[in-house]
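Containing mmCIF, C-alpha atoms and all ligand atoms: start.cif.
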```
data_target
#
loop_
_atom_site.label_atom_id
_atom_site.label_comp_id
_atom_site.auth_asym_id
_atom_site.auth_seq_id
_atom_site.Cartn_x
_atom_site.Cartn_y
_atom_site.Cartn_z
CA MET A 423 -223.38 114.09 229.20
CA THR A 424 -224.94 111.38 231.34
CA LEU A 425 -222.65 109.20 233.43
CA PRO A 426 -222.86 105.42 233.17
CA ALA A 427 -224.83 104.06 236.16
CA ALA A 428 -221.86 102.24 237.69
CA MET A 429 -219.73 105.39 237.69
CA ALA A 430 -222.49 107.50 239.22
CA LEU A 431 -222.78 104.99 242.02
CA ARG A 432 -219.07 105.25 242.67
CA LEU A 433 -219.26 109.05 242.89
CA GLU A 434 -222.07 108.73 245.39
CA ASP A 435 -219.98 106.29 247.44
CA HIS A 436 -217.36 108.98 247.89
CA ALA A 437 -219.93 111.20 249.57
CA VAL A 438 -220.54 108.61 252.30
CA GLN A 439 -218.55 109.61 255.36
CA PRO A 440 -217.64 107.48 258.38
CA ALA A 441 -218.96 108.54 261.80
CA ALA A 442 -215.33 109.23 262.75
CA ARG A 443 -211.79 108.43 261.64
CA VAL A 444 -209.27 107.02 264.10
CA GLY A 445 -205.55 106.78 263.38
CA VAL A 446 -203.78 103.94 265.12
CA ILE A 447 -200.01 103.76 265.63
CA GLY A 448 -199.42 100.07 264.98
CA ALA A 449 -201.17 97.40 262.93
CA GLY A 450 -200.93 94.17 264.93
CA GLN A 451 -203.71 92.12 266.50
CA LEU A 452 -204.81 94.89 268.84
CA ALA A 453 -205.31 97.28 265.92
CA ARG A 454 -207.09 94.45 264.09
CA MET A 455 -209.56 93.96 266.95
CA LEU A 456 -209.97 97.74 267.30
CA HIS A 457 -210.92 97.80 263.62
CA GLU A 458 -213.37 94.93 264.13
CA ALA A 459 -215.04 96.91 266.92
CA ALA A 460 -215.11 100.05 264.77
CA VAL A 461 -217.03 98.50 261.86
CA PRO A 462 -220.50 98.41 263.50
CA LEU A 463 -220.05 102.05 264.57
CA ASN A 464 -219.09 103.06 261.02
CA VAL A 465 -215.80 104.33 262.40
CA GLU A 466 -212.88 104.17 259.99
CA VAL A 467 -209.63 102.85 261.42
CA ARG A 468 -206.36 103.79 259.74
CA VAL A 469 -203.20 102.06 260.80
CA LEU A 470 -199.59 103.22 260.54
CA THR A 471 -197.42 100.33 259.41
CA GLU A 472 -194.33 99.50 257.40
CA ASP A 473 -195.87 96.18 256.40
CA LEU A 474 -198.87 95.96 254.10
CA GLY A 475 -199.31 92.35 255.24
CA ALA A 476 -199.82 93.46 258.87
CA CYS A 477 -202.73 91.64 260.41
CA ALA A 478 -204.91 94.75 260.95
CA VAL A 479 -204.56 95.52 257.24
CA ARG A 480 -205.57 91.97 256.35
CA ALA A 481 -208.80 92.55 258.28
CA GLY A 482 -209.59 95.72 256.33
CA ALA A 483 -208.11 98.61 258.33
CA VAL A 484 -206.87 101.36 256.00
CA PRO A 485 -203.07 101.23 255.82
CA VAL A 486 -200.83 104.30 255.91
CA LEU A 487 -197.34 103.16 254.99
CA GLY A 488 -194.72 104.64 257.24
CA SER A 489 -192.70 104.58 260.42
CA ASP A 490 -193.67 105.59 263.95
CA GLN A 491 -190.20 107.15 264.26
CA ASP A 492 -190.89 109.74 261.53
CA LEU A 493 -192.97 112.89 262.04
CA ASP A 494 -194.05 113.15 258.40
CA ASP A 495 -195.34 109.59 258.51
CA LEU A 496 -197.19 110.27 261.75
CA ARG A 497 -198.70 113.34 260.09
CA ALA A 498 -199.78 111.26 257.11
CA LEU A 499 -201.57 108.90 259.52
CA ALA A 500 -203.25 111.78 261.33
CA ALA A 501 -204.41 113.64 258.20
CA GLY A 502 -208.21 113.70 258.26
CA CYS A 503 -208.42 111.73 261.52
CA ASP A 504 -210.51 112.88 264.50
CA VAL A 505 -208.05 111.34 266.95
CA VAL A 506 -204.83 109.33 266.96
CA THR A 507 -204.22 106.48 269.39
CA PHE A 508 -201.76 103.65 270.07
CA GLU A 509 -201.81 99.89 269.78
CA HIS A 510 -198.26 99.71 271.24
CA GLU A 511 -195.93 102.09 273.04
CA LEU A 512 -192.88 101.92 270.79
CA ALA A 513 -193.36 105.14 268.79
CA ASP A 514 -190.99 108.08 269.20
CA LEU A 515 -193.05 109.88 271.82
CA SER A 516 -191.36 113.27 271.35
CA LEU A 517 -192.65 113.20 267.76
CA VAL A 518 -196.07 112.07 268.91
CA ASP A 519 -196.07 115.02 271.30
CA GLU A 520 -195.41 117.36 268.39
CA LEU A 521 -198.21 115.72 266.44
CA ALA A 522 -200.54 116.43 269.38
CA SER A 523 -200.37 120.16 268.64
CA GLU A 524 -202.06 119.41 265.30
CA VAL A 525 -204.56 116.63 266.11
CA PRO A 526 -205.85 115.13 269.38
CA VAL A 527 -203.67 112.20 270.51
CA ARG A 528 -205.27 110.00 273.17
CA PRO A 529 -203.88 108.93 275.52
CA SER A 530 -201.23 111.65 275.59
CA ALA A 531 -197.59 110.93 274.79
CA ARG A 532 -196.79 111.94 278.37
CA ALA A 533 -199.13 109.35 279.85
CA THR A 534 -198.02 106.72 277.33
CA ARG A 535 -194.40 107.10 278.45
CA THR A 536 -195.27 105.37 281.74
CA ALA A 537 -196.05 102.26 279.69
CA GLN A 538 -193.20 102.69 277.19
CA ASP A 539 -190.47 102.58 279.81
CA LYS A 540 -190.99 100.38 282.87
CA LEU A 541 -188.45 102.44 284.82
CA HIS A 542 -190.36 105.61 284.09
CA GLY A 543 -193.60 103.78 284.98
CA ARG A 544 -192.22 102.54 288.31
CA ARG A 545 -191.02 106.05 289.17
CA ALA A 546 -194.41 107.55 288.34
CA LEU A 547 -196.10 104.91 290.50
CA GLN A 548 -193.74 105.58 293.37
CA ALA A 549 -194.26 109.34 293.10
CA GLY A 550 -198.05 108.83 293.18
CA GLY A 551 -197.86 106.56 296.23
CA PHE A 552 -198.97 103.43 294.33
CA PRO A 553 -197.46 100.19 295.66
CA CYS A 554 -194.98 98.34 293.41
CA PRO A 555 -192.00 96.00 293.90
CA ARG A 556 -188.73 97.64 294.97
CA PHE A 557 -186.66 98.34 291.85
CA ARG A 558 -183.47 99.88 290.52
CA PRO A 559 -182.16 100.79 287.06
CA VAL A 560 -179.24 98.59 285.96
CA TYR A 561 -176.21 99.76 283.99
CA ASP A 562 -173.79 96.94 284.81
CA LEU A 563 -173.64 93.58 286.55
CA GLU A 564 -172.47 95.23 289.78
CA ASP A 565 -175.79 97.10 290.04
CA ILE A 566 -177.61 93.75 290.16
CA HIS A 567 -175.28 92.37 292.86
CA GLY A 568 -175.62 95.54 294.92
CA PHE A 569 -179.42 95.46 294.71
CA MET A 570 -179.61 91.76 295.69
CA LEU A 571 -177.39 92.34 298.70
CA GLU A 572 -179.68 95.14 299.74
CA ILE A 573 -182.97 93.26 299.38
CA GLU A 574 -181.46 89.97 300.63
CA GLY A 575 -183.59 87.86 298.32
CA PRO A 576 -184.28 86.72 294.77
CA ALA A 577 -184.73 89.29 292.04
CA VAL A 578 -186.06 89.76 288.53
CA LEU A 579 -184.18 91.43 285.71
CA LYS A 580 -186.44 92.83 283.00
CA ALA A 581 -186.25 94.92 279.86
CA ARG A 582 -187.49 98.44 280.42
CA SER A 583 -189.24 98.63 277.04
CA GLY A 584 -191.12 96.42 274.64
CA GLY A 585 -192.64 93.76 276.94
CA GLU A 586 -192.95 90.61 274.86
CA GLY A 587 -195.00 88.23 276.91
CA GLY A 588 -192.27 87.67 279.46
CA ARG A 589 -189.51 86.92 276.94
CA SER A 590 -187.36 89.70 278.32
CA VAL A 591 -187.81 88.80 281.97
CA TRP A 592 -185.18 86.75 283.86
CA MET A 593 -185.47 85.22 287.32
CA ILE A 594 -182.28 85.71 289.31
CA ASP A 595 -181.34 83.69 292.39
CA ASP A 596 -177.56 83.97 292.63
CA ALA A 597 -174.41 85.36 291.02
CA ALA A 598 -174.47 82.77 288.22
CA SER A 599 -178.07 83.44 287.13
CA ALA A 600 -177.43 87.19 287.46
CA LYS A 601 -174.49 86.91 285.06
CA ARG A 602 -176.44 84.78 282.57
CA ALA A 603 -179.33 87.26 282.56
CA TRP A 604 -177.07 90.31 282.31
CA ASP A 605 -175.03 88.77 279.45
CA GLU A 606 -178.17 88.01 277.45
CA ALA A 607 -179.69 91.44 278.04
CA PHE A 608 -176.39 93.09 277.16
CA ALA A 609 -176.05 91.04 273.95
CA ARG A 610 -179.58 92.08 272.98
CA ARG A 611 -178.71 95.71 273.81
CA LEU A 612 -181.68 95.99 276.17
CA ASN A 613 -182.05 98.70 278.78
CA VAL A 614 -182.97 96.85 281.95
CA LEU A 615 -184.06 97.26 285.54
CA VAL A 616 -183.91 94.89 288.46
CA GLU A 617 -186.63 94.43 291.03
CA GLU A 618 -187.39 92.25 294.02
CA ARG A 619 -189.05 88.94 293.19
CA VAL A 620 -192.30 88.91 295.10
CA ALA A 621 -194.18 85.80 296.23
CA ILE A 622 -197.23 86.01 294.00
CA ARG A 623 -200.45 84.37 295.16
CA SER A 624 -202.28 85.33 291.99
CA GLU A 625 -202.09 87.87 289.18
CA VAL A 626 -205.02 90.04 288.22
CA SER A 627 -205.60 92.78 285.76
CA VAL A 628 -207.82 95.79 286.30
CA LEU A 629 -209.33 97.23 283.17
CA VAL A 630 -210.79 100.73 283.30
CA ALA A 631 -211.70 103.34 280.73
CA ARG A 632 -211.74 107.09 281.07
CA SER A 633 -212.94 109.67 278.58
CA PRO A 634 -211.54 113.20 278.15
CA ASN A 635 -214.58 114.62 279.93
CA GLY A 636 -213.82 112.49 282.99
CA GLN A 637 -216.41 109.69 282.60
CA ARG A 638 -214.97 106.43 283.95
CA VAL A 639 -215.98 102.79 283.96
CA ALA A 640 -214.31 99.70 285.44
CA TYR A 641 -214.64 96.11 284.26
CA PRO A 642 -214.94 93.21 286.69
CA VAL A 643 -211.41 92.23 287.81
CA LEU A 644 -209.72 89.70 285.50
CA GLU A 645 -207.43 86.93 286.65
CA THR A 646 -204.41 86.16 284.47
CA ARG A 647 -202.76 82.74 284.60
CA HIS A 648 -199.11 82.71 283.56
CA VAL A 649 -196.70 79.96 282.52
CA ASP A 650 -192.99 80.92 282.60
CA GLY A 651 -193.85 84.63 282.70
CA THR A 652 -196.27 84.41 279.75
CA CYS A 653 -200.03 84.87 280.09
CA HIS A 654 -201.83 81.72 278.94
CA GLU A 655 -205.34 82.11 280.33
CA VAL A 656 -207.68 84.79 281.62
CA HIS A 657 -210.52 83.95 284.00
CA LEU A 658 -213.42 86.29 284.58
CA PRO A 659 -214.36 87.12 287.25
CA ALA A 660 -211.08 86.76 289.15
CA GLN A 661 -211.04 84.38 292.09
CA VAL A 662 -210.33 87.03 294.67
CA GLY A 663 -212.36 88.27 297.61
CA ASP A 664 -214.91 91.06 297.14
CA ASP A 665 -212.81 93.45 299.25
CA GLN A 666 -209.71 92.75 297.23
CA ALA A 667 -211.58 93.16 293.94
CA ALA A 668 -213.02 96.48 295.12
CA GLN A 669 -209.56 97.62 296.21
CA ALA A 670 -208.08 96.67 292.82
CA VAL A 671 -210.79 98.57 290.94
CA GLU A 672 -210.29 101.59 293.18
CA LEU A 673 -206.57 101.50 292.43
CA GLY A 674 -207.21 101.28 288.66
CA LEU A 675 -209.62 104.22 288.68
CA HIS A 676 -207.20 106.26 290.80
CA LEU A 677 -204.36 105.53 288.41
CA ALA A 678 -206.44 106.51 285.38
CA GLU A 679 -207.06 109.82 287.10
CA ALA A 680 -203.46 110.32 288.24
CA LEU A 681 -202.08 109.60 284.76
CA ASP A 682 -204.83 111.63 283.09
CA VAL A 683 -205.66 108.64 280.87
CA ALA A 684 -207.98 108.99 277.89
CA GLY A 685 -208.94 105.53 276.64
CA VAL A 686 -208.53 102.11 278.18
CA LEU A 687 -206.02 101.50 280.97
CA ALA A 688 -205.01 97.98 282.00
CA VAL A 689 -203.15 97.61 285.28
CA GLU A 690 -201.38 94.29 285.91
CA LEU A 691 -201.38 93.55 289.64
CA PHE A 692 -199.59 90.98 291.78
CA ILE A 693 -201.65 89.75 294.73
CA THR A 694 -199.34 88.81 297.60
CA ASP A 695 -199.84 87.93 301.26
CA ASP A 696 -198.88 91.51 302.07
CA GLY A 697 -201.33 93.16 299.68
CA MET A 698 -201.32 94.10 296.02
CA LEU A 699 -198.50 95.54 293.96
CA VAL A 700 -198.66 97.15 290.54
CA ASN A 701 -196.59 95.28 287.95
CA GLU A 702 -197.25 96.90 284.62
CA LEU A 703 -199.39 99.53 282.92
CA SER A 704 -200.88 99.42 279.42
CA LEU A 705 -202.63 102.54 278.21
CA ARG A 706 -204.50 100.64 275.51
CA PRO A 707 -206.52 97.47 275.13
CA HIS A 708 -204.67 94.56 276.73
CA ASN A 709 -204.42 90.81 276.18
CA SER A 710 -206.24 90.18 279.46
CA GLY A 711 -209.22 92.17 278.13
CA HIS A 712 -209.82 90.12 274.98
CA VAL A 713 -212.35 88.11 276.95
CA THR A 714 -214.55 91.24 277.15
CA ILE A 715 -215.36 90.91 273.43
CA GLU A 716 -217.95 88.24 274.20
CA ALA A 717 -218.18 88.40 277.99
CA CYS A 718 -219.11 92.04 278.56
CA ALA A 719 -221.81 94.37 277.29
CA THR A 720 -219.09 96.59 275.77
CA SER A 721 -215.75 95.16 274.65
CA GLN A 722 -212.52 96.83 275.65
CA PHE A 723 -212.00 97.71 271.97
CA GLN A 724 -215.29 99.51 271.48
CA GLN A 725 -214.75 101.11 274.89
CA HIS A 726 -211.36 102.45 273.83
CA LEU A 727 -212.88 103.95 270.67
CA ARG A 728 -215.72 105.56 272.61
CA ALA A 729 -213.31 106.96 275.20
CA ILE A 730 -210.78 108.48 272.80
CA LEU A 731 -213.57 109.95 270.66
CA GLY A 732 -215.17 111.54 273.72
CA TRP A 733 -218.36 109.53 273.21
CA PRO A 734 -220.44 108.10 276.09
CA LEU A 735 -218.81 104.99 277.56
CA GLY A 736 -220.60 101.64 277.42
CA SER A 737 -221.56 99.26 280.20
CA PRO A 738 -218.73 96.94 281.24
CA ARG A 739 -221.09 94.44 282.91
CA LEU A 740 -220.67 90.69 282.46
CA VAL A 741 -223.27 89.04 280.21
CA ALA A 742 -222.62 85.54 281.61
CA PRO A 743 -221.73 84.29 285.10
CA CYS A 744 -218.20 83.42 284.02
CA ALA A 745 -215.86 83.48 281.06
CA VAL A 746 -212.44 82.16 280.14
CA MET A 747 -209.98 83.16 277.43
CA VAL A 748 -207.11 80.93 276.37
CA ASN A 749 -204.28 82.23 274.17
CA VAL A 750 -203.37 80.22 271.06
CA PHE A 751 -199.58 79.98 270.62
CA GLY A 752 -197.85 78.53 267.57
CA ASN A 753 -196.93 74.84 267.95
CA ASP A 754 -193.38 73.48 267.70
CA ALA A 755 -193.83 72.53 264.06
CA GLY A 756 -194.87 76.07 263.12
CA GLY A 757 -198.29 74.79 261.98
CA ASP A 758 -201.01 77.28 261.07
CA PRO A 759 -203.99 77.09 263.48
CA SER A 760 -206.28 78.18 260.64
CA HIS A 761 -205.97 74.65 259.22
CA GLN A 762 -207.52 73.24 262.40
CA LEU A 763 -210.31 75.80 262.62
CA PRO A 764 -213.21 73.59 261.40
CA SER A 765 -212.28 70.94 263.98
CA ALA A 766 -212.03 73.57 266.74
CA LEU A 767 -215.47 74.88 265.81
CA ALA A 768 -216.86 71.41 266.51
CA VAL A 769 -216.35 72.17 270.21
CA PRO A 770 -219.71 73.62 271.28
CA GLU A 771 -220.02 77.33 272.05
CA VAL A 772 -216.48 78.57 271.73
CA TYR A 773 -215.41 81.82 270.12
CA PRO A 774 -212.07 81.50 268.33
CA HIS A 775 -210.21 84.60 267.15
CA LEU A 776 -207.36 84.01 264.72
CA TYR A 777 -205.17 87.03 264.11
CA GLY A 778 -204.06 86.16 260.57
CA LYS A 779 -200.38 86.22 261.55
CA LEU A 780 -197.62 84.09 260.11
CA ALA A 781 -197.46 80.92 262.19
CA GLN A 782 -194.26 80.47 264.20
CA SER A 783 -193.47 78.30 267.17
CA GLY A 784 -194.42 80.09 270.41
CA ARG A 785 -195.92 83.12 268.65
CA LYS A 786 -199.30 84.40 269.88
CA LEU A 787 -201.58 83.65 266.93
CA GLY A 788 -205.05 83.96 268.40
CA HIS A 789 -207.27 83.23 271.36
CA VAL A 790 -210.40 81.31 272.25
CA THR A 791 -213.13 82.53 274.57
CA ALA A 792 -215.93 80.53 276.18
CA LEU A 793 -218.79 81.67 278.43
CA GLY A 794 -221.12 79.80 280.74
CA GLU A 795 -222.43 79.01 284.17
CA ARG A 796 -219.61 77.01 285.75
CA ARG A 797 -215.93 77.92 285.58
CA GLU A 798 -214.63 74.33 285.27
CA GLU A 799 -216.94 73.51 282.39
CA VAL A 800 -216.22 76.80 280.57
CA LEU A 801 -212.49 76.32 281.05
CA ALA A 802 -212.69 72.78 279.66
CA ARG A 803 -214.43 73.99 276.48
CA ALA A 804 -211.98 76.86 275.85
CA ARG A 805 -208.99 74.59 276.50
CA ALA A 806 -210.36 71.86 274.25
CA ALA A 807 -210.75 74.22 271.28
CA THR A 808 -207.31 75.74 271.91
CA ALA A 809 -205.70 72.30 272.01
CA VAL A 810 -207.23 71.51 268.61
CA LEU A 811 -205.90 74.79 267.16
CA ARG A 812 -202.42 73.95 268.45
CA ARG A 813 -202.34 70.48 266.87
N1 LIG B 901 -191.09 91.25 290.46
C1 LIG B 901 -191.60 90.08 290.10
N2 LIG B 901 -191.76 89.09 291.01
C2 LIG B 901 -192.29 87.89 290.64
N3 LIG B 901 -192.69 87.59 289.38
C3 LIG B 901 -192.55 88.53 288.44
C4 LIG B 901 -192.01 89.83 288.75
N4 LIG B 901 -192.00 90.55 287.60
C5 LIG B 901 -192.52 89.76 286.65
N5 LIG B 901 -192.86 88.54 287.13
C6 LIG B 901 -193.52 87.46 286.36
O1 LIG B 901 -193.20 87.58 284.98
C7 LIG B 901 -194.39 87.95 284.22
C8 LIG B 901 -194.02 88.90 283.10
O2 LIG B 901 -193.50 90.10 283.64
P1 LIG B 901 -193.82 91.51 282.95
O3 LIG B 901 -195.28 91.71 282.87
O4 LIG B 901 -193.03 92.53 283.68
O5 LIG B 901 -193.15 91.25 281.52
P2 LIG B 901 -193.67 91.52 280.04
O6 LIG B 901 -192.64 90.98 279.13
O7 LIG B 901 -194.05 92.94 279.94
O8 LIG B 901 -194.92 90.60 279.95
P3 LIG B 901 -196.28 90.86 279.16
O9 LIG B 901 -195.92 91.44 277.84
O10 LIG B 901 -196.87 89.47 279.09
O11 LIG B 901 -197.10 91.76 280.03
C9 LIG B 901 -195.35 88.52 285.25
O12 LIG B 901 -196.68 88.44 284.80
C10 LIG B 901 -195.03 87.61 286.46
O13 LIG B 901 -195.64 86.34 286.31
MG MG B 902 -196.86 91.97 281.95
#
```
Show me this structure written as structure tokens.
Amino acid sequence: MTLPAAMALRLEDHAVQPAARVGVIGAGQLARMLHEAAVPLNVEVRVLTEDLGACAVRAGAVPVLGSDQDLDDLRALAAGCDVVTFEHELADLSLVDELASEVPVRPSARATRTAQDKLHGRRALQAGGFPCPRFRPVYDLEDIHGFMLEIEGPAVLKARSGGEGGRSVWMIDDAASAKRAWDEAFARRLNVLVEERVAIRSEVSVLVARSPNGQRVAYPVLETRHVDGTCHEVHLPAQVGDDQAAQAVELGLHLAEALDVAGVLAVELFITDDGMLVNELSLRPHNSGHVTIEACATSQFQQHLRAILGWPLGSPRLVAPCAVMVNVFGNDAGGDPSHQLPSALAVPEVYPHLYGKLAQSGRKLGHVTALGERREEVLARARAATAVLRR
């Protein structure tokens, strides 16, 4: 019997294999951009999600329906994959560790724990001799008072897990603000820590990648500009001295080694008059690195794929003298930035990325990147397009 031509074609399609399959725990915008970077390499990205409308799925990543708190679901994600990786740190890491005996998980659950729990991260930094703000775990209001008496200065209370763009970070100056912060954290059932509030001159982020065979690359240092604890803009290269930039890169590469990272590592750093302090670790692509999609020879997303697959790493060099990324947050009316896209595209030479998420006031819905010769001019273009998308 001869098969109809259309059916024969379909059978042949099944014989076409991707270059590799990567399972991703999570299906938000980072998984979406990882998928985008995987397409030209013919790498298949599968995402573990409980929501078939998740934005990585909308972009074409293969969904595996399930929970990151369930070993069978994690196994279903991993089946047939060459490697499993993370787009967030919220999975049950003891289960992920079990999974790692069946399929490579990169970075390891052990390394990822330093990013899952800020207290654990701070302790690991301290043990490795990396500078960070003084800190203490908090179990009741008295712990905050005791810590502030000890440091004799203002403090910051923050959730240990699930950083949400500064929404679980409270500045504390006195007993009244300490009580307000503690009450809110308690009501939200958050595990928290308190740390000294440092006088920040600027915030930078060091982005490095390390492969299982030890190859390492470092991107030029990125400067993050925050408003009320939330990152709004990223400027590349950072406006810091050459010595400071070299020191930051050195620290990032050291940390990647110390934590035995496989994949991308982003280190958020505070620059102060007394030197630099590590704020936060992300063992995955990071918001500050979105600018690398257009600004660098290899984006942080393709770099992460190469690193976890054990493939040669790509060049992180800048392809333009400077670049700026501006985050697009939902406006007060909950308007969808997609409706403004044609007008934003009228701004010359900007690269908008819309994540395909439900528009809500204050929610991160996309970003805009611009490249060029002069920082002020590049910044103006990126801001202009972002303002249109926020209308
Ligand atoms: N110890 C501190 N001293 C001064 N400012 C701080 C301190 N800790 C945090 N901040 C400010 O709050 C911001 C958010 O803090 P942090 O990165 O810990 O929270 P987050 O919710 O994980 O944020 P994100 O998800 O954006 O990384 C920092 O970028 C910084 O601007
Ligand atoms: Mg942070």
As a PDB file with C-alpha atoms, keeping the file's coordinate frame, please: every protein or nucleic acid residue near ligand MG 902 (chain B) (cut-off 10 Å, counting all atoms listed in the file).
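The file below, result-v1.pdb, is the result:
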```
ATOM      1  CA  GLY A 585    -192.640  93.760 276.940  1.00  0.00           C
ATOM      2  CA  GLU A 586    -192.950  90.610 274.860  1.00  0.00           C
ATOM      3  CA  GLY A 587    -195.000  88.230 276.910  1.00  0.00           C
ATOM      4  CA  GLY A 588    -192.270  87.670 279.460  1.00  0.00           C
ATOM      5  CA  VAL A 591    -187.810  88.800 281.970  1.00  0.00           C
ATOM      6  CA  GLU A 625    -202.090  87.870 289.180  1.00  0.00           C
ATOM      7  CA  SER A 627    -205.600  92.780 285.760  1.00  0.00           C
ATOM      8  CA  THR A 646    -204.410  86.160 284.470  1.00  0.00           C
ATOM      9  CA  HIS A 648    -199.110  82.710 283.560  1.00  0.00           C
ATOM     10  CA  GLY A 651    -193.850  84.630 282.700  1.00  0.00           C
ATOM     11  CA  THR A 652    -196.270  84.410 279.750  1.00  0.00           C
ATOM     12  CA  CYS A 653    -200.030  84.870 280.090  1.00  0.00           C
ATOM     13  CA  VAL A 689    -203.150  97.610 285.280  1.00  0.00           C
ATOM     14  CA  GLU A 690    -201.380  94.290 285.910  1.00  0.00           C
ATOM     15  CA  LEU A 691    -201.380  93.550 289.640  1.00  0.00           C
ATOM     16  CA  ASN A 701    -196.590  95.280 287.950  1.00  0.00           C
ATOM     17  CA  GLU A 702    -197.250  96.900 284.620  1.00  0.00           C
ATOM     18  CA  LEU A 703    -199.390  99.530 282.920  1.00  0.00           C
ATOM     19  CA  SER A 704    -200.880  99.420 279.420  1.00  0.00           C
ATOM     20  CA  HIS A 708    -204.670  94.560 276.730  1.00  0.00           C
ATOM     21  CA  ASN A 709    -204.420  90.810 276.180  1.00  0.00           C
ATOM     22  CA  SER A 710    -206.240  90.180 279.460  1.00  0.00           C
TER      23      SER A 710
END
```
Problem - Who sits within 8 Å of stretch 717-720 of chain A, only C-alpha atoms, same chain under 6 positions skipped, as a list in words - result: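 Everything that qualifies: Gly736, Ser737, Pro738, Arg739, Leu740, Val741, Ala742, Cys744, Ala745 and Leu793 of chain A.
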Practice task
Find the residues near stretch 609-620 of chain A: any atom within 6 Å, counting all atoms listed in the file, skip ones fewer than 6 places away on the same chain, and give them as a PyMOL selection string.
Solution key: chain A and resi 555-560+576-582
Taking all atoms of ligand LIG 901 (chain B) that appear in the file, build a box with edges along x, y and z, extend it by 3 Å on every side, and state its centre and edge lengths in Å to one decimal, as AutoDock Vina command-line options.
```
--center_x -194.1 --center_y 89.6 --center_z 284.4 --size_x 12.0 --size_y 12.6 --size_z 19.2
```
Practice task
Identify, on the basis of all atoms listed in the file, every residue whose closest approach to A:Glu564 does not exceed 10 Å; exclude the query and any residue fewer than 4 positions from it along the same chain; express the result as a list in words.
Solution key: Val560, Gly568, Phe569, Met570, Ala600 and Lys601 of chain A
Practice task
Name all residues at most 10 Å from A:Ile715 (count only C-alpha atoms; drop same-chain ones fewer than 4 positions away) and give them as an MDAnalysis selection string.
Solution key: chainID A and resid 455 459 711 719:724 773 791
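Of the residues listed (A:Glu524, A:Asp490, A:Asp754, A:Asp596), A:Asp490 shows the shortest atom-to-atom separation from A:Leu512; distances use all atoms listed in the file.
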Practice task
Give me, please, the distance in Å between atom CA of A:Leu731 and atom CA of A:Gly636, quoted to one decimal.
Solution key: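 Between these atoms lies a distance of 12.6 Å.
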Practice task
Could you check which of A:Ala522, A:Leu735, A:Ala680, A:Met698 is closest to ligand LIG 901 (chain B), using all atoms listed in the file?
Solution key: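 Comparing A:Ala522, A:Leu735, A:Ala680, A:Met698 against ligand LIG 901 (chain B), the winner is A:Met698.
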Reconstruct N, CA and C atoms of stretch 603-614 of chain A from the incomplete input and present them as a PDB file, in the frame of the given file.
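Final file, out10.pdb:
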```
ATOM      1  N   ALA A 603    -178.282  86.313 282.962  1.00  0.00           N
ATOM      2  CA  ALA A 603    -179.330  87.260 282.560  1.00  0.00           C
ATOM      3  C   ALA A 603    -178.713  88.549 282.011  1.00  0.00           C
ATOM      4  N   TRP A 604    -177.712  89.062 282.738  1.00  0.00           N
ATOM      5  CA  TRP A 604    -177.070  90.310 282.310  1.00  0.00           C
ATOM      6  C   TRP A 604    -176.423  90.137 280.930  1.00  0.00           C
ATOM      7  N   ASP A 605    -175.712  89.000 280.740  1.00  0.00           N
ATOM      8  CA  ASP A 605    -175.030  88.770 279.450  1.00  0.00           C
ATOM      9  C   ASP A 605    -176.040  88.752 278.304  1.00  0.00           C
ATOM     10  N   GLU A 606    -177.174  88.086 278.541  1.00  0.00           N
ATOM     11  CA  GLU A 606    -178.170  88.010 277.450  1.00  0.00           C
ATOM     12  C   GLU A 606    -178.775  89.393 277.162  1.00  0.00           C
ATOM     13  N   ALA A 607    -179.104  90.100 278.230  1.00  0.00           N
ATOM     14  CA  ALA A 607    -179.690  91.440 278.040  1.00  0.00           C
ATOM     15  C   ALA A 607    -178.704  92.357 277.333  1.00  0.00           C
ATOM     16  N   PHE A 608    -177.437  92.248 277.738  1.00  0.00           N
ATOM     17  CA  PHE A 608    -176.390  93.090 277.160  1.00  0.00           C
ATOM     18  C   PHE A 608    -176.231  92.765 275.665  1.00  0.00           C
ATOM     19  N   ALA A 609    -176.209  91.463 275.356  1.00  0.00           N
ATOM     20  CA  ALA A 609    -176.050  91.040 273.950  1.00  0.00           C
ATOM     21  C   ALA A 609    -177.217  91.542 273.106  1.00  0.00           C
ATOM     22  N   ARG A 610    -178.398  91.603 273.716  1.00  0.00           N
ATOM     23  CA  ARG A 610    -179.580  92.080 272.980  1.00  0.00           C
ATOM     24  C   ARG A 610    -179.737  93.599 273.077  1.00  0.00           C
ATOM     25  N   ARG A 611    -178.739  94.247 273.677  1.00  0.00           N
ATOM     26  CA  ARG A 611    -178.710  95.710 273.810  1.00  0.00           C
ATOM     27  C   ARG A 611    -179.967  96.268 274.483  1.00  0.00           C
ATOM     28  N   LEU A 612    -180.458  95.551 275.481  1.00  0.00           N
ATOM     29  CA  LEU A 612    -181.680  95.990 276.170  1.00  0.00           C
ATOM     30  C   LEU A 612    -181.331  96.906 277.338  1.00  0.00           C
ATOM     31  N   ASN A 613    -182.123  97.938 277.532  1.00  0.00           N
ATOM     32  CA  ASN A 613    -182.050  98.700 278.780  1.00  0.00           C
ATOM     33  C   ASN A 613    -182.862  97.914 279.798  1.00  0.00           C
ATOM     34  N   VAL A 614    -182.302  97.730 280.989  1.00  0.00           N
ATOM     35  CA  VAL A 614    -182.970  96.850 281.950  1.00  0.00           C
ATOM     36  C   VAL A 614    -183.093  97.493 283.326  1.00  0.00           C
TER      37      VAL A 614
END
```
